[in-house]
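Working notes, beginning with the structure itself.
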Amino acid sequence: ARRNPGEIEFQQAVNEFVETLMPYVLENRKYRDAQILERMTEPDRIITFRVTWEDDRGNIRANRAWRVQFNNSIGPYKGGLRFHSNVTLSVLKFLGFEQVFKNSLTGLPMGGAKGGANFNPKGKSDREVMRFCQAMMLELHRHIGEDTDVPAGDIGVGGREISYLFGQYIRLENRFAGILTGKGLTFGGSLVRTEATGYGCVYFCENMFNHIGDSLTGKICTVSGSGNVAIYTVEKANELGAKVITMSDSSGFVHDPAGIDAEKLAFIKDLKEVRRGRISEYAEHFKGVTFHANERPWSVPCDVAFPCATQNEINLDDAKVLIANGVKAVSEGANMPTELDGTHAFLKAKILYGPSKAANAGGVAVSGLELSQNALRLSWNHEEVDTKLKTIMRDIHAKCVMHGQNDDIVNYVQGSNIAGFIKVADAMLAYGVS
Ligand code: NDP
């Protein structure tokens, strides 16, 4: 806290990490002597810049943008860009820090970074978003590259934004290269990248169930969010025989006891990805659905909760309600959706708790596969990528078990933190004091 005053989210992410890592580091002298935790919790560098653009009425607007290049010990920096009015340096530092260990867990050669801007895309026209993205790339282009730093999407940054950013990079640098992931399929994108975070989150949950001789089939699920991660979480949960009864956005949640099946999900995709409307429309469109303004879905009884919206969306009270209602598993699609005392409550209740570092690593894993395809100048088919994604999620689960098995239960927080840490720490030690 003294080193990073006021950076609440960053302190929270570091506290959770250090809490599980400290005993391990104290047991292993080589890490302790090298002050590895002190070094790992300081980003390699942070770039802060102004983005000036013109809105549709001719007003000049200025936003602040950042790229936090956290650690490139095991590969080029890699991590998404977030556009949201509540983006601060603290939020991007927490995301960049967690990205380092998540990327390590995937087994692919990727370092960790995160970036974004306090730009609010809500209510902006396509042209305004385009001008903002082009203005942002005007500075960002000199800090990224296929062997240096490869950004991707995150909240508020989807296919549309990546395309505008990529187009501007090509114009500025006069070269076509895999410097962003999540690109369109006709210009270097990978199949399954759009679906990867949500699918991966469900695969991870299925792995946790399988490990105790159970499965997702027939489970009642609550999902928060209705963006990229939420939509494909619902799609895969349905495919594996579960029933999803809630989705949400920043205005509230919808509860559909009959289940959000494939047909209803198609409505959500159109509503959110094409029309950019509000989730309350779902309740107006389908019978038997209720809309709960300004509430989160955690009071609805369920077997499995998939938080897929944003950080700190499950507090201790929410965690207690979920546990009291008999939740069996929580698999985190969003980054750090559970407050630290909520995490402690889940661990104490011994439910299957898949923290974001492990559970949502599928997105960046397929981004890694997109880079491999770009480097090889070829495209793998849907089945090839999906099979690789499944294998990666299974391997991550196995690493969590290896480092997190405590008597009768797997502590996935401990498992993912230690497994992610070892690879990065050993690389840093090998490079000497730096
Ligand atoms: P999107 O922008 O596609 O969707 C975000 C969803 O969450 C929207 O429904 C949005 O509602 C809701 N939301 C965002 N902020 C808030 C808030 N402050 N309060 C309540 N609801 C909110 O983003 P993604 O689906 O890509 O990202 C969701 C989460 O998953 C994030 O935590 C992200 O870091 C994480 N993640 C994403 C990956 C990816 O590949 N995209 C990879 C790994 C993690 P509204 O439309 O009203 O804003």
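Naming scheme: A, B, ... for chains in displayed order of the structure tokens; residues 1 onward per chain; ligands 1 onward as shown.
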
Which residues, written as a VMD selection string, have at least one atom at most 10 Å from range 320-332 of chain A, with only C-alpha atoms counted and residues fewer than 3 positions away on the same chain left out? chain A and resid 198 201 to 206 208 to 209 216 219 to 223 297 to 310 314 to 317 335 to 338 342 345 to 346 349 to 360

Store the residues of this selection in a file with C-alpha atoms, as a compact mmCIF listing (two decimals), in the first residue's frame.
```txt
# COMPACT_ATOMS: atom_id res chain seq x y z
CA GLY A 198 -16.38 -18.09 -22.55
CA CYS A 201 -14.34 -20.84 -18.73
CA VAL A 202 -16.97 -23.56 -19.16
CA TYR A 203 -14.34 -26.18 -20.08
CA PHE A 204 -12.46 -25.29 -16.91
CA CYS A 205 -15.64 -25.67 -14.84
CA GLU A 206 -16.35 -29.03 -16.46
CA MET A 208 -13.35 -29.15 -11.95
CA PHE A 209 -16.58 -31.19 -11.88
CA LEU A 216 -22.18 -29.72 -15.72
CA LYS A 219 -26.77 -27.92 -13.53
CA ILE A 220 -28.63 -24.63 -13.05
CA CYS A 221 -26.29 -21.71 -13.80
CA THR A 222 -26.33 -17.97 -13.24
CA VAL A 223 -24.22 -15.78 -15.53
CA PRO A 297 -27.90 -12.04 -10.26
CA TRP A 298 -26.29 -13.71 -7.20
CA SER A 299 -29.48 -13.92 -5.14
CA VAL A 300 -30.98 -16.36 -7.65
CA PRO A 301 -30.40 -19.95 -6.39
CA CYS A 302 -28.05 -21.91 -8.65
CA ASP A 303 -25.59 -24.81 -8.80
CA VAL A 304 -22.95 -22.86 -10.71
CA ALA A 305 -22.17 -19.14 -10.93
CA PHE A 306 -20.23 -17.68 -13.85
CA PRO A 307 -19.35 -14.03 -13.12
CA CYS A 308 -18.54 -12.66 -16.60
CA ALA A 309 -19.00 -8.87 -16.33
CA THR A 310 -16.31 -7.03 -14.37
CA ILE A 314 -19.26 -10.55 -6.00
CA ASN A 315 -18.78 -9.15 -2.51
CA LEU A 316 -18.78 -11.08 0.75
CA ASP A 317 -22.56 -10.81 1.13
CA ASN A 335 -11.06 -10.78 -14.14
CA MET A 336 -11.06 -10.65 -10.32
CA PRO A 337 -14.88 -10.60 -10.08
CA THR A 338 -14.78 -11.71 -6.44
CA GLY A 342 -15.63 -13.39 -0.92
CA ALA A 345 -15.63 -17.51 1.94
CA PHE A 346 -15.69 -19.74 -1.17
CA ALA A 349 -17.00 -23.46 2.08
CA LYS A 350 -14.89 -25.87 -0.04
CA ILE A 351 -16.88 -25.35 -3.20
CA LEU A 352 -15.22 -25.74 -6.61
CA TYR A 353 -13.79 -22.24 -7.02
CA GLY A 354 -12.02 -21.51 -10.33
CA PRO A 355 -10.29 -18.12 -10.09
CA SER A 356 -10.01 -15.95 -13.18
CA LYS A 357 -6.27 -16.49 -13.71
CA ALA A 358 -7.03 -20.11 -14.52
CA ALA A 359 -10.68 -20.13 -15.59
CA ASN A 360 -10.58 -17.32 -18.16
```

Enumerate residues in contact with ligand 1: an atom-to-atom distance of at most 8 Å, counting only C-alpha atoms and all ligand atoms. Format the result as an MDAnalysis selection string. chainID A and resid 80 82 84 86 95 122 152:158 193:194 196:198 224:231 248:252 272 276 278:279 308:311 313 333:337 356 360:364

Non-local contacts of Gly420 in chain A (6 Å; only C-alpha atoms; under 6 positions in same chain excluded) as a count of residues only: 3

Which residues come within 8 Å of range 400-402 of chain A, counting only C-alpha atoms, excluding same-chain residues fewer than 6 positions away, as a PyMOL selection string? chain A and resi 410-416+419

So that I can check the surroundings of Gln373 in chain A, please list as number ranges by chain every protein, DNA and RNA residue that reaches within 12 Å of it, counting only C-alpha atoms and ignoring chain neighbours fewer than 3 positions away. A: 177-178, 181, 185, 187-191, 366-370, 376-381, 384-385

Shell around Asn207 in chain A at 10 Å using only C-alpha atoms, local window under 4 positions removed, as a list in words: Cys201, Val202, Tyr203, His211, Ile212, Gly213, Asp214, Ser215, Leu216, Lys390, Met393, Arg394, Asp395, Ile396, His397 and Ala398 of chain A

Using DSSP secondary structure from the backbone, list all strand (DSSP E or B) positions within range 317-398 of chain A, as a ChimeraX atom specification. /A:329-331,338,352-354

Surrounding residues of Pro257 in chain A excluding itself and chain neighbours under 2 positions, 8 Å, only C-alpha atoms, as a PyMOL selection string: chain A and resi 245+255+259+288-289

Generate the output file for the selected residues, C-alpha atoms, as a PDB file, in the first residue's frame.
```pdb
ATOM      1  CA  ILE A 245     -31.216 -18.694 -16.056  1.00  0.00           C
ATOM      2  CA  HIS A 255     -34.093 -13.947 -14.739  1.00  0.00           C
ATOM      3  CA  GLY A 259     -33.496 -21.093 -19.460  1.00  0.00           C
ATOM      4  CA  GLY A 288     -41.991 -15.433 -17.984  1.00  0.00           C
ATOM      5  CA  VAL A 289     -38.830 -13.323 -17.668  1.00  0.00           C
TER       6      VAL A 289
END
```

Would you tabulate, counting only C-alpha atoms, all residues of range 71-172 of chain A that have an atom at most 12 Å from an atom of range 52-63 of chain A, showing the closest pair of atoms and their distance in Å to one decimal, sorted by chain then ascending number, as a tab-separated table?
```
residue	atom	partner	partner_atom	distance
A:Phe83	CA	A:Asn63	CA	10.5
A:His84	CA	A:Asn63	CA	11.0
A:Ser85	CA	A:Asn63	CA	9.9
A:Val87	CA	A:Asn63	CA	10.9
A:Thr88	CA	A:Asn63	CA	11.6
A:Gly116	CA	A:Asn63	CA	10.4
A:Ala117	CA	A:Asn63	CA	6.9
A:Asn118	CA	A:Asn63	CA	6.3
A:Phe119	CA	A:Asn63	CA	6.2
A:Asn120	CA	A:Asn63	CA	9.6
A:Pro121	CA	A:Asp55	CA	11.8
A:Gly123	CA	A:Asp55	CA	11.6
A:Lys124	CA	A:Asp55	CA	8.6
A:Ser125	CA	A:Asp56	CA	7.9
A:Asp126	CA	A:Asp56	CA	10.0
A:Arg127	CA	A:Asp56	CA	7.7
A:Glu128	CA	A:Asp55	CA	5.7
A:Val129	CA	A:Asp55	CA	9.0
A:Met130	CA	A:Trp53	CA	9.8
A:Arg131	CA	A:Trp53	CA	6.3
A:Phe132	CA	A:Trp53	CA	5.7
A:Cys133	CA	A:Trp53	CA	9.1
A:Gln134	CA	A:Trp53	CA	8.7
A:Ala135	CA	A:Trp53	CA	6.3
A:Met136	CA	A:Thr52	CA	8.0
A:Met137	CA	A:Thr52	CA	11.1
A:Leu138	CA	A:Thr52	CA	10.0
A:Glu139	CA	A:Thr52	CA	10.6
```

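The shortest atom-to-atom distance to Ala1 in chain A, with only C-alpha atoms taken into account, belongs to A:Ser90 out of A:Ser90, A:Ala237, A:Lys78, A:Phe166.
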
Given the choices A:Tyr199, A:Phe10, A:Tyr232, A:Phe291, which gets closest to Phe253 in chain A if the distance is worked out from only C-alpha atoms?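 Checking each of A:Tyr199, A:Phe10, A:Tyr232, A:Phe291 against Phe253 in chain A, counting only C-alpha atoms, the winner is A:Phe291.
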